[in-house]
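Asks: What follows is run_35.txt, compact mmCIF, C-alpha atoms.
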```
# COMPACT_ATOMS: atom_id res chain seq x y z
CA MET B 6 0.00 0.00 0.00
CA SER B 7 0.96 3.65 -0.10
CA GLY B 8 2.34 3.96 3.39
CA LEU B 9 0.14 6.98 3.96
CA LEU B 10 -0.33 6.11 7.62
CA ASP B 11 3.43 5.87 8.05
CA ALA B 12 3.68 9.37 6.59
CA TYR B 13 1.21 10.65 9.17
CA ALA B 14 2.99 8.99 12.10
CA PRO B 15 5.78 11.59 12.54
CA VAL B 16 3.08 14.28 12.76
CA THR B 17 0.48 12.52 14.91
CA GLY B 18 2.76 10.20 16.86
CA GLU B 19 3.01 6.43 16.43
CA ALA B 20 0.47 5.85 19.18
CA VAL B 21 -2.30 7.58 17.23
CA VAL B 22 -1.65 5.47 14.14
CA HIS B 23 -1.54 2.31 16.25
CA HIS B 24 -4.85 3.41 17.80
CA LEU B 25 -6.40 3.62 14.32
CA ARG B 26 -5.06 0.18 13.42
CA LEU B 27 -6.65 -1.28 16.56
CA LEU B 28 -9.99 0.29 15.76
CA ALA B 29 -9.85 -0.88 12.15
CA ALA B 30 -8.85 -4.43 13.06
CA ARG B 31 -12.43 -5.06 14.16
CA LEU B 32 -13.62 -4.07 10.70
CA GLU B 33 -11.00 -5.78 8.58
CA GLY B 34 -12.44 -7.00 5.30
CA LYS B 35 -15.77 -5.25 5.77
CA ARG B 36 -17.26 -3.70 2.65
CA VAL B 37 -17.92 0.02 3.07
CA VAL B 38 -19.49 2.33 0.51
CA HIS B 39 -19.56 6.13 0.68
CA VAL B 40 -22.00 7.98 -1.57
CA ASN B 41 -22.06 11.71 -2.20
CA SER B 42 -22.80 14.03 -5.10
CA THR B 43 -19.38 15.17 -6.30
CA ARG B 44 -15.84 13.84 -6.53
CA VAL B 45 -14.16 17.25 -6.60
CA GLY B 46 -14.94 20.56 -4.97
CA GLY B 47 -16.70 21.07 -1.67
CA GLY B 48 -15.91 19.90 1.83
CA VAL B 49 -17.35 16.40 1.57
CA ALA B 50 -15.26 15.53 -1.50
CA GLU B 51 -12.16 16.89 0.24
CA ILE B 52 -12.83 14.75 3.30
CA LEU B 53 -13.49 11.59 1.28
CA ALA B 54 -10.48 12.10 -0.97
CA LYS B 55 -8.26 11.90 2.12
CA MET B 56 -10.26 9.50 4.27
CA ILE B 57 -10.87 6.70 1.78
CA PRO B 58 -7.18 5.92 1.07
CA LEU B 59 -6.64 5.80 4.83
CA MET B 60 -9.57 3.43 5.33
CA GLN B 61 -8.27 1.21 2.50
CA GLU B 62 -4.80 1.13 3.98
CA LEU B 63 -6.37 0.07 7.29
CA GLY B 64 -7.75 -3.06 5.63
CA LEU B 65 -11.33 -2.11 4.80
CA GLN B 66 -12.81 -2.63 1.34
CA VAL B 67 -14.00 0.87 0.58
CA ASP B 68 -15.79 2.21 -2.49
CA TRP B 69 -16.66 5.83 -3.17
CA GLU B 70 -19.63 6.34 -5.46
CA VAL B 71 -20.95 9.62 -6.81
CA ILE B 72 -24.48 10.25 -8.00
CA THR B 73 -25.10 12.28 -11.14
CA GLY B 74 -28.08 14.37 -12.19
CA GLU B 75 -29.39 17.14 -14.38
CA SER B 76 -29.78 20.83 -13.58
CA ASP B 77 -33.20 20.46 -11.91
CA PHE B 78 -31.73 17.91 -9.49
CA TYR B 79 -28.89 20.21 -8.49
CA GLN B 80 -31.25 23.18 -8.21
CA CYS B 81 -33.40 21.11 -5.88
CA THR B 82 -30.53 19.94 -3.69
CA LYS B 83 -29.10 23.46 -3.54
CA SER B 84 -32.49 24.62 -2.32
CA PHE B 85 -32.52 21.74 0.20
CA HIS B 86 -29.16 22.91 1.48
CA ASN B 87 -30.28 26.49 1.94
CA ALA B 88 -33.67 25.56 3.43
CA LEU B 89 -32.18 23.08 5.89
CA GLN B 90 -29.87 25.82 7.12
CA GLY B 91 -32.85 28.09 7.77
CA ASP B 92 -33.58 29.92 4.53
CA PRO B 93 -37.38 29.86 3.87
CA VAL B 94 -37.10 28.46 0.37
CA GLU B 95 -40.26 27.20 -1.31
CA ILE B 96 -39.29 24.33 -3.60
CA PRO B 97 -41.55 23.73 -6.60
CA ARG B 98 -43.08 20.30 -7.04
CA HIS B 99 -41.24 19.59 -10.28
CA LEU B 100 -37.89 19.96 -8.50
CA TYR B 101 -38.93 17.39 -5.89
CA GLN B 102 -39.86 15.12 -8.78
CA ALA B 103 -36.42 15.65 -10.36
CA TYR B 104 -34.81 14.79 -7.01
CA GLU B 105 -36.73 11.56 -6.71
CA ALA B 106 -36.25 10.55 -10.34
CA THR B 107 -32.50 11.17 -10.09
CA ASN B 108 -32.24 9.11 -6.92
CA GLN B 109 -34.17 6.28 -8.54
CA ARG B 110 -32.00 6.30 -11.65
CA ASN B 111 -28.76 6.28 -9.66
CA ALA B 112 -30.07 3.65 -7.28
CA GLU B 113 -30.72 1.33 -10.23
CA ARG B 114 -27.02 1.58 -11.07
CA LEU B 115 -25.67 1.28 -7.53
CA ARG B 116 -28.18 -1.07 -5.88
CA PRO B 117 -26.12 -4.31 -6.23
CA LEU B 118 -23.10 -2.68 -4.58
CA LEU B 119 -25.11 -0.95 -1.86
CA GLU B 120 -27.27 -3.89 -0.90
CA LYS B 121 -24.32 -6.21 -0.29
CA ALA B 122 -22.23 -3.66 1.61
CA ASP B 123 -21.66 -4.05 5.35
CA PHE B 124 -21.75 -0.30 5.91
CA VAL B 125 -23.15 2.44 3.69
CA PHE B 126 -22.45 6.11 4.39
CA ILE B 127 -24.84 8.45 2.60
CA HIS B 128 -23.52 12.01 2.66
CA ASP B 129 -25.95 14.92 2.93
CA PRO B 130 -29.41 15.16 1.34
CA GLN B 131 -28.50 14.48 -2.30
CA PRO B 132 -28.55 10.64 -2.16
CA ALA B 133 -30.64 10.40 1.05
CA MET B 134 -33.51 8.64 -0.72
CA PHE B 135 -31.32 5.62 -1.49
CA LEU B 136 -32.33 3.93 1.77
CA LYS B 137 -35.91 3.53 0.56
CA LEU B 138 -34.71 2.39 -2.85
CA CYS B 139 -32.57 -0.49 -1.52
CA PRO B 140 -35.09 -2.73 0.25
CA ASN B 141 -32.80 -5.78 0.30
CA ARG B 142 -29.93 -4.04 2.06
CA ARG B 143 -28.08 -6.22 4.56
CA GLY B 144 -25.65 -3.81 6.19
CA LYS B 145 -25.92 -0.78 8.44
CA TRP B 146 -26.84 2.48 6.77
CA ILE B 147 -25.61 5.76 8.20
CA TRP B 148 -26.66 9.23 7.15
CA ARG B 149 -23.67 11.58 7.44
CA CYS B 150 -25.11 15.07 7.61
CA HIS B 151 -22.58 17.86 7.15
CA ILE B 152 -25.26 20.58 7.32
CA ASP B 153 -26.33 22.71 10.28
CA LEU B 154 -29.88 21.52 10.98
CA SER B 155 -30.38 23.61 14.10
CA ARG B 156 -33.16 25.78 12.62
CA PRO B 157 -34.35 24.27 9.32
CA PHE B 158 -37.21 25.61 7.21
CA ARG B 159 -39.98 23.33 8.43
CA PRO B 160 -41.62 22.12 5.17
CA VAL B 161 -38.31 21.05 3.68
CA TRP B 162 -37.14 19.41 6.91
CA LYS B 163 -40.38 17.43 7.14
CA TYR B 164 -39.69 16.05 3.65
CA MET B 165 -36.06 15.26 4.43
CA GLU B 166 -36.95 13.74 7.81
CA SER B 167 -39.19 11.26 6.00
CA GLN B 168 -36.15 10.22 3.93
CA VAL B 169 -33.62 9.83 6.74
CA ALA B 170 -35.64 8.65 9.75
CA GLY B 171 -35.21 5.01 8.73
CA TYR B 172 -31.40 5.01 8.79
CA ASP B 173 -29.63 2.94 11.42
CA ALA B 174 -27.71 5.99 12.70
CA SER B 175 -26.70 9.46 11.69
CA ILE B 176 -23.56 11.49 12.23
CA PHE B 177 -23.46 15.26 12.76
CA SER B 178 -20.48 17.56 13.08
CA LEU B 179 -21.78 19.33 16.18
CA SER B 180 -24.45 18.59 18.77
CA SER B 181 -26.13 21.89 17.93
CA TYR B 182 -26.45 20.78 14.28
CA ALA B 183 -28.42 17.63 15.14
CA ARG B 184 -32.18 17.14 15.14
CA SER B 185 -34.20 14.61 17.06
CA LEU B 186 -34.39 11.44 14.96
CA PRO B 187 -35.55 7.92 15.88
CA HIS B 188 -32.04 6.47 15.83
CA THR B 189 -28.65 7.02 17.43
CA GLN B 190 -27.02 10.30 16.49
CA HIS B 191 -23.25 10.29 16.73
CA LEU B 192 -21.23 13.47 16.84
CA TYR B 193 -17.96 13.74 15.04
CA GLY B 194 -16.40 17.12 14.59
CA LEU B 195 -13.64 16.70 12.07
CA PRO B 196 -10.50 18.06 13.68
CA LYS B 197 -8.14 20.33 11.82
CA THR B 198 -6.12 18.09 9.52
CA CYS B 199 -3.08 18.23 7.35
CA GLN B 200 -1.80 16.02 4.58
CA PRO B 201 1.82 14.97 5.08
CA MET C 14 10.51 -9.89 40.52
CA THR C 15 7.05 -9.97 38.93
CA THR C 16 3.51 -9.82 40.18
CA SER C 17 1.11 -12.66 39.36
CA HIS C 18 0.03 -11.11 36.06
CA PRO C 19 1.60 -8.72 33.55
CA PHE C 20 0.26 -5.21 32.96
CA ALA C 21 -2.08 -5.46 29.94
CA VAL C 22 -1.99 -2.23 27.93
CA ILE C 23 -5.49 -1.24 26.84
CA ASP C 24 -6.47 1.58 24.48
CA CYS C 25 -9.87 3.19 24.14
CA ALA C 26 -11.90 5.58 21.98
CA MET C 27 -14.73 7.73 23.26
CA LEU C 28 -17.83 7.95 21.09
CA SER C 29 -19.99 11.06 21.44
CA ILE C 30 -23.73 10.55 21.10
CA ALA C 31 -26.41 13.26 21.08
CA THR C 32 -29.04 12.93 23.82
CA GLY C 33 -31.44 15.40 22.20
CA LEU C 34 -31.58 17.27 25.53
CA SER C 35 -30.55 20.89 25.81
CA ALA C 36 -30.77 23.86 28.18
CA GLN C 37 -31.32 27.50 27.26
CA ASN C 38 -31.13 28.88 30.78
CA LEU C 39 -29.84 27.97 34.21
CA ARG C 40 -33.15 26.58 35.42
CA GLU C 41 -33.32 24.22 32.44
CA LEU C 42 -29.74 23.18 33.10
CA ARG C 43 -30.66 22.23 36.66
CA ASP C 44 -33.70 20.24 35.51
CA ARG C 45 -31.75 18.36 32.85
CA LEU C 46 -28.87 17.66 35.25
CA ARG C 47 -31.31 15.77 37.45
CA SER C 48 -32.29 13.38 34.68
CA VAL C 49 -29.56 13.03 32.05
CA PRO C 50 -27.75 9.68 31.86
CA ALA C 51 -24.68 9.44 34.06
CA SER C 52 -22.69 8.86 30.87
CA SER C 53 -23.54 12.44 29.91
CA LEU C 54 -21.98 13.79 33.10
CA TYR C 55 -18.97 11.62 32.36
CA PHE C 56 -18.66 13.09 28.87
CA HIS C 57 -18.96 16.71 29.96
CA PHE C 58 -16.37 16.30 32.73
CA TRP C 59 -13.86 14.04 31.01
CA GLY C 60 -14.56 14.18 27.27
CA ALA C 61 -12.37 17.20 26.64
CA HIS C 62 -9.33 15.12 27.58
CA LEU C 63 -9.77 12.98 24.46
CA ARG C 64 -10.80 15.75 22.06
CA PRO C 65 -8.06 16.98 19.75
CA GLY C 66 -6.83 20.41 20.75
CA PHE C 67 -3.81 22.62 20.54
CA ASP C 68 -4.13 24.52 23.80
CA GLU C 69 -4.94 24.06 27.47
CA PRO C 70 -8.69 24.05 28.16
CA GLU C 71 -10.00 27.23 29.78
CA TYR C 72 -12.13 25.27 32.26
CA GLY C 73 -12.02 21.67 33.38
CA ASN C 74 -15.60 20.84 32.41
CA ASP C 75 -18.19 21.86 29.82
CA PHE C 76 -20.68 23.16 32.38
CA ALA C 77 -18.25 25.79 33.63
CA LEU C 78 -17.39 26.73 30.06
CA TRP C 79 -21.06 27.28 29.22
CA ALA C 80 -21.68 29.25 32.42
CA ARG C 81 -18.89 31.62 31.40
CA HIS C 82 -19.55 31.98 27.68
CA GLY C 83 -23.21 30.96 27.30
CA LEU C 84 -24.70 32.50 30.46
CA SER C 85 -21.99 35.16 30.95
CA ASP C 86 -21.83 34.26 34.63
CA PRO C 87 -18.12 34.10 35.60
CA ALA C 88 -18.89 33.55 39.28
CA LEU C 89 -20.88 30.41 38.51
CA ALA C 90 -18.21 29.30 36.05
CA GLU C 91 -15.58 29.46 38.79
CA ARG C 92 -17.72 27.45 41.21
CA LEU C 93 -18.43 24.79 38.60
CA SER C 94 -14.83 24.64 37.46
CA VAL C 95 -13.53 23.56 40.88
CA ILE C 96 -15.80 20.52 41.05
CA ARG C 97 -13.37 17.63 40.64
CA PRO C 98 -14.87 14.25 39.72
CA PRO C 99 -12.13 12.30 41.56
CA GLY C 100 -13.39 13.89 44.76
CA PHE C 101 -16.73 12.11 44.49
CA GLY C 102 -17.46 8.45 45.03
CA ASP C 103 -19.49 8.05 41.85
CA LEU C 104 -21.25 9.99 39.15
CA GLU C 105 -24.48 10.23 41.16
CA ALA C 106 -22.65 12.01 43.96
CA LEU C 107 -21.14 14.29 41.33
CA ARG C 108 -24.63 14.95 39.95
CA GLU C 109 -25.85 15.96 43.42
CA GLU C 110 -23.03 18.45 43.81
CA LEU C 111 -23.64 19.96 40.38
CA VAL C 112 -27.33 20.43 41.09
CA GLU C 113 -26.49 21.94 44.49
CA VAL C 114 -24.14 24.53 42.98
CA VAL C 115 -26.68 25.47 40.31
CA GLU C 116 -29.52 25.65 42.85
CA GLN C 117 -27.47 27.97 45.03
CA ARG C 118 -26.77 30.25 42.06
CA LEU C 119 -30.45 30.31 41.11
CA TYR C 120 -31.24 31.36 44.67
CA GLU C 121 -28.70 34.18 44.51
CA ARG C 122 -29.72 35.59 41.15
CA GLU C 123 -32.81 37.77 40.86
CA VAL C 124 -33.12 36.95 37.17
CA VAL C 125 -32.60 33.47 35.72
CA PRO C 126 -29.50 33.66 33.48
CA TRP C 127 -30.27 32.91 29.82
CA ALA C 128 -27.99 32.01 26.97
CA PRO C 129 -28.38 33.53 23.48
CA ALA C 130 -30.57 31.49 21.13
CA ASP C 131 -27.62 29.92 19.33
CA GLN C 132 -25.70 29.04 22.49
CA GLU C 133 -27.83 26.38 24.13
CA PHE C 134 -26.09 23.74 26.21
CA HIS C 135 -26.45 20.43 24.36
CA PHE C 136 -26.15 17.33 26.51
CA ILE C 137 -23.97 14.65 24.94
CA ARG C 138 -23.47 11.16 26.30
CA SER C 139 -20.47 8.98 25.79
CA THR C 140 -19.58 5.37 25.38
CA LEU C 141 -16.09 3.90 25.44
CA VAL C 142 -14.80 1.43 22.85
CA VAL C 143 -12.13 -0.63 24.63
CA LEU C 144 -9.26 -2.04 22.58
CA ASP C 145 -6.64 -4.54 23.73
CA THR C 146 -3.28 -3.47 22.27
CA GLY C 147 -1.83 -6.94 22.87
CA THR C 148 1.10 -5.41 24.74
CA ARG C 149 1.95 -7.07 28.06
CA LEU C 150 4.53 -5.60 30.45
CA GLU C 151 6.07 -7.85 33.08
CA THR C 152 7.86 -5.37 35.32
CA PRO C 153 7.46 -1.77 36.58
CA GLU C 154 10.72 -0.99 34.79
CA ALA C 155 9.21 -2.12 31.50
CA LEU C 156 6.02 -0.17 32.21
CA GLY C 157 7.98 2.99 32.98
CA ALA C 158 9.95 2.65 29.76
CA ALA C 159 6.79 2.06 27.71
CA LEU C 160 4.80 5.03 29.05
CA ALA C 161 6.22 7.47 26.54
CA ARG C 162 4.64 5.37 23.78
CA PHE C 163 1.18 5.16 25.39
CA SER C 164 -1.59 6.62 23.23
CA PRO C 165 -3.88 9.27 24.73
CA GLY C 166 -6.57 6.58 24.84
CA SER C 167 -4.35 4.26 26.88
CA LEU C 168 -3.50 6.99 29.38
CA PHE C 169 -7.18 7.86 29.66
CA TYR C 170 -8.25 4.27 30.14
CA HIS C 171 -5.65 3.34 32.74
CA PHE C 172 -5.55 6.56 34.73
CA ILE C 173 -8.97 8.21 34.38
CA ASP C 174 -11.54 5.61 33.42
CA ALA C 175 -9.99 3.27 35.96
CA LEU C 176 -11.25 5.54 38.73
CA ARG C 177 -14.78 4.24 38.18
CA ARG C 178 -13.74 0.59 37.96
CA PRO C 179 -12.87 -1.71 40.89
CA PRO C 180 -10.83 -1.26 42.97
CA GLU C 181 -12.63 2.03 43.24
CA GLY C 182 -10.64 5.21 43.57
CA ALA C 183 -7.36 3.85 42.20
CA ASP C 184 -5.85 4.01 38.76
CA ASP C 185 -4.63 0.82 37.06
CA PHE C 186 -0.96 1.67 37.64
CA ARG C 187 -1.29 1.83 41.42
CA ALA C 188 -3.58 -1.21 41.47
CA TRP C 189 -0.99 -3.25 39.55
CA LEU C 190 2.02 -1.98 41.51
CA SER C 191 0.36 -2.89 44.78
CA GLY C 192 0.65 -6.53 43.67
CA PHE C 193 4.40 -6.26 44.37
CA GLY C 194 3.80 -5.70 48.06
CA ASP C 195 5.58 -2.70 49.62
CA ARG C 196 8.41 -2.67 47.11
CA TYR C 197 6.97 0.21 45.08
CA SER C 198 5.13 2.07 47.82
CA GLY C 199 7.09 5.25 47.05
CA LEU C 200 6.04 5.13 43.42
CA ILE C 201 2.44 4.40 44.38
CA GLU C 202 2.46 7.41 46.68
CA ARG C 203 3.91 9.64 43.98
CA ILE C 204 1.33 8.51 41.41
CA ALA C 205 -1.43 9.14 43.94
CA GLY C 206 -0.30 12.77 44.01
CA ILE C 207 -0.97 13.27 40.30
CA ASP C 208 -4.33 14.94 39.68
CA PRO C 209 -5.66 13.87 36.27
CA TYR C 210 -8.46 16.43 36.19
CA PHE C 211 -6.59 19.66 35.71
CA VAL C 212 -3.97 18.42 33.25
CA THR C 213 -4.02 17.34 29.62
CA LEU C 214 -3.30 13.72 28.77
CA SER C 215 0.09 14.60 27.29
CA ARG C 216 1.10 16.30 30.53
CA LEU C 217 -0.31 13.41 32.51
CA GLY C 218 1.87 11.06 30.49
CA ARG C 219 4.94 13.17 31.21
CA GLU C 220 4.21 13.28 34.94
CA LEU C 221 3.74 9.52 35.05
CA SER C 222 6.96 8.95 33.14
CA GLN C 223 8.84 11.22 35.54
CA ALA C 224 7.36 9.39 38.53
CA PHE C 225 8.46 6.01 37.19
CA ALA C 226 11.88 7.34 36.19
CA SER C 227 12.59 8.74 39.65
CA GLN C 228 11.19 5.83 41.65
CA VAL C 229 12.03 2.81 39.51
CA ALA C 230 15.18 3.64 37.59
CA GLY C 231 16.66 5.28 40.68
CA GLY C 232 15.78 2.37 42.93
CA ALA C 233 12.52 1.31 44.47
CA ALA C 234 11.30 2.72 47.77
```
Transcribe the structure of this file into structure tokens.

Replies:
Amino acid sequence: MSGLLDAYAPVTGEAVVHHLRLLAARLEGKRVVHVNSTRVGGGVAEILAKMIPLMQELGLQVDWEVITGESDFYQCTKSFHNALQGDPVEIPRHLYQAYEATNQRNAERLRPLLEKADFVFIHDPQPAMFLKLCPNRRGKWIWRCHIDLSRPFRPVWKYMESQVAGYDASIFSLSSYARSLPHTQHLYGLPKTCQP
Amino acid sequence: MTTSHPFAVIDCAMLSIATGLSAQNLRELRDRLRSVPASSLYFHFWGAHLRPGFDEPEYGNDFALWARHGLSDPALAERLSVIRPPGFGDLEALREELVEVVEQRLYEREVVPWAPADQEFHFIRSTLVVLDTGTRLETPEALGAALARFSPGSLFYHFIDALRRPPEGADDFRAWLSGFGDRYSGLIERIAGIDPYFVTLSRLGRELSQAFASQVAGGAA
């Protein structure tokens, strides 16, 4: 492998890298899939670009999949983003339809991979509908929300809540970003990082 | 000379889990303190030790930090900051003391202190993932030499989390050293003088290393 962890060790200390190896040993060989909406640009893509090689080096089988859509889909998810962070954005019905059609089309392509995975991480609202579209899933599905949901525009949150309530767990960056959901909500604030 | 069993080096990771409970003012804080899981008190007193950070924490626990910056009540922050978990038998006794301090402050204040809308106190609970490193150390000399390589999680597990495990009130280092009889009583006494609450884990590691170096390398008590 690349020896990326060895490159981190002089910065973090050997003990931190050993700690990661211990944690990962319990997951060795597990199939993990991350899904988001872009491979370049934006915070999520930056995180995944660095995290996935580390997870692979730690012995996990990790795939990173990206959903694709047309302009109506991206207009809808941009509106989701703004509304979930508090902007009172009214989203027209045809944009919701574009969102759902795009999720269905991408799910057709990714369903075999997602349904056999041990862990699936769905990042943000863009692919959130995948859970409902993969009825034969066998692993644990986690919604990783990078958005501040402390004061969302209610109509849009009610729609998104119906998409994410069924996940096995969710992860938020801060406790103040989380909303009450019927599953465990982990908190993981990404610390400041550097690439050696 | 060895005790009956080697020192097993354990590592741990603390998971942070939202409780969905929050407080906007001091009265709500008191009410929530009465009912939150004990693991939430544990997180807000000890969690900062395992969070990445570049500087010394301003206060030893999250309640004091919120009193200062959320409620703008420095007097309450000072009173909360001196509550040391090791001074209490268990987390329920710690809960009683917290509630008592907050109740007293509510009695003193004519107006209930409120935090701004975006500065609620969010209660978080914790759970520890315990990991066996596979490392076994046969002698205090070997343990002293290995301390510099202990991860923050190992220091936390053996020195802080141990305080709530039998034998109660003692860290794993003292518990293990006592298996050698009186031979390391000086080292045990020196370790007992280290307060884990007001120091970072890196400083704790240095203090432990110094204690072992002075008491073991220089000859046992």

Asks: Residues near Ser94 (chain C), anyone? I mean within 7 Å using all atoms listed in the file, not counting same-chain ones fewer than 5 positions away, as a list in words.

Replies: Tyr72, Gly73, Asn74 and Ala77 of chain C

Asks: Here is a test: counting all atoms listed in the file, which residue of B:Leu9, B:Ile176, B:Ala20, B:Ile152 is nearest to Pro58 (chain B)?

Replies: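 For Pro58 (chain B), the nearest of the given residues is B:Leu9.
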
Asks: Could you write out as a list in words the residues of chain C within 8 Å of chain B, counting all atoms listed in the file?

Replies: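 The answer, sorted by residue number, is Asp24, Leu28, Ser29, Ile30, Ala31, Gly33, Pro65, Glu133, His135, Ile137, Leu144, Asp145, Thr146, Arg162, Phe163, Ser164, Pro165 and Gly166 of chain C.
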
Asks: Residues within 12 Å of Tyr79 (chain B), please, as a PyMOL selection string. Count all atoms listed in the file; anything in the same chain fewer than 4 positions from it doesn't count.

Replies: chain B and resi 42-43+72-75+83-86+100-101+103-105+107-108+130-132

Asks: For CA of Pro153 (chain C) and CA of Ser215 (chain C), quote the distance in Å rounded to one decimal.

Replies: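 We find that CA of Pro153 (chain C) and CA of Ser215 (chain C) lie 20.2 Å from each other.
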
Asks: Any idea what's packed within 6 Å of Tyr172 (chain B), counting all atoms listed in the file, ignoring anything in its chain fewer than 3 positions away? Could you give it as a list in words?

Replies: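 Final neighbour list, sorted by chain and number: Trp146, Ile147 and Val169 of chain B.
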
Asks: For a quick check of understanding, using all atoms listed in the file, which of C:Val95, C:Val229, C:Ala106, C:Met27 has the smallest distance to Ala61 (chain C)?

Replies: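 Closest candidate: C:Met27.
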
Asks: Generate the missing atoms of region 152-158 of chain C up to all heavy atoms and report them as a PDB file, in the coordinates of the input.

Replies:
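To be explicit, this is the file written out as result-v8.pdb:
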```
ATOM      1  N   THR C 152       7.247  -6.007  34.150  1.00  0.00           N
ATOM      2  CA  THR C 152       7.860  -5.370  35.320  1.00  0.00           C
ATOM      3  C   THR C 152       7.573  -3.868  35.336  1.00  0.00           C
ATOM      4  O   THR C 152       7.302  -3.260  34.289  1.00  0.00           O
ATOM      5  CB  THR C 152       9.393  -5.527  35.277  1.00  0.00           C
ATOM      6  OG1 THR C 152       9.893  -4.806  34.129  1.00  0.00           O
ATOM      7  CG2 THR C 152       9.801  -6.991  35.181  1.00  0.00           C
ATOM      8  N   PRO C 153       7.628  -3.232  36.510  1.00  0.00           N
ATOM      9  CA  PRO C 153       7.460  -1.770  36.580  1.00  0.00           C
ATOM     10  C   PRO C 153       8.509  -1.042  35.732  1.00  0.00           C
ATOM     11  O   PRO C 153       8.212   0.020  35.179  1.00  0.00           O
ATOM     12  CB  PRO C 153       7.647  -1.469  38.070  1.00  0.00           C
ATOM     13  CG  PRO C 153       7.189  -2.724  38.749  1.00  0.00           C
ATOM     14  CD  PRO C 153       7.659  -3.843  37.860  1.00  0.00           C
ATOM     15  N   GLU C 154       9.699  -1.607  35.623  1.00  0.00           N
ATOM     16  CA  GLU C 154      10.720  -0.990  34.790  1.00  0.00           C
ATOM     17  C   GLU C 154      10.263  -0.941  33.332  1.00  0.00           C
ATOM     18  O   GLU C 154      10.413   0.070  32.640  1.00  0.00           O
ATOM     19  CB  GLU C 154      12.045  -1.751  34.899  1.00  0.00           C
ATOM     20  CG  GLU C 154      12.754  -1.608  36.243  1.00  0.00           C
ATOM     21  CD  GLU C 154      12.147  -2.457  37.355  1.00  0.00           C
ATOM     22  OE1 GLU C 154      11.231  -3.266  37.064  1.00  0.00           O
ATOM     23  OE2 GLU C 154      12.566  -2.295  38.519  1.00  0.00           O
ATOM     24  N   ALA C 155       9.709  -2.057  32.878  1.00  0.00           N
ATOM     25  CA  ALA C 155       9.210  -2.120  31.500  1.00  0.00           C
ATOM     26  C   ALA C 155       8.037  -1.171  31.306  1.00  0.00           C
ATOM     27  O   ALA C 155       7.919  -0.513  30.263  1.00  0.00           O
ATOM     28  CB  ALA C 155       8.795  -3.548  31.162  1.00  0.00           C
ATOM     29  N   LEU C 156       7.168  -1.083  32.311  1.00  0.00           N
ATOM     30  CA  LEU C 156       6.020  -0.170  32.210  1.00  0.00           C
ATOM     31  C   LEU C 156       6.500   1.279  32.136  1.00  0.00           C
ATOM     32  O   LEU C 156       6.022   2.061  31.303  1.00  0.00           O
ATOM     33  CB  LEU C 156       5.090  -0.382  33.414  1.00  0.00           C
ATOM     34  CG  LEU C 156       3.884   0.557  33.518  1.00  0.00           C
ATOM     35  CD1 LEU C 156       3.044   0.549  32.241  1.00  0.00           C
ATOM     36  CD2 LEU C 156       3.010   0.157  34.716  1.00  0.00           C
ATOM     37  N   GLY C 157       7.459   1.615  32.989  1.00  0.00           N
ATOM     38  CA  GLY C 157       7.980   2.990  32.980  1.00  0.00           C
ATOM     39  C   GLY C 157       8.592   3.353  31.636  1.00  0.00           C
ATOM     40  O   GLY C 157       8.391   4.454  31.118  1.00  0.00           O
ATOM     41  N   ALA C 158       9.304   2.387  31.057  1.00  0.00           N
ATOM     42  CA  ALA C 158       9.950   2.650  29.760  1.00  0.00           C
ATOM     43  C   ALA C 158       8.924   2.771  28.644  1.00  0.00           C
ATOM     44  O   ALA C 158       9.150   3.476  27.660  1.00  0.00           O
ATOM     45  CB  ALA C 158      10.929   1.523  29.453  1.00  0.00           C
TER      46      ALA C 158
END
```
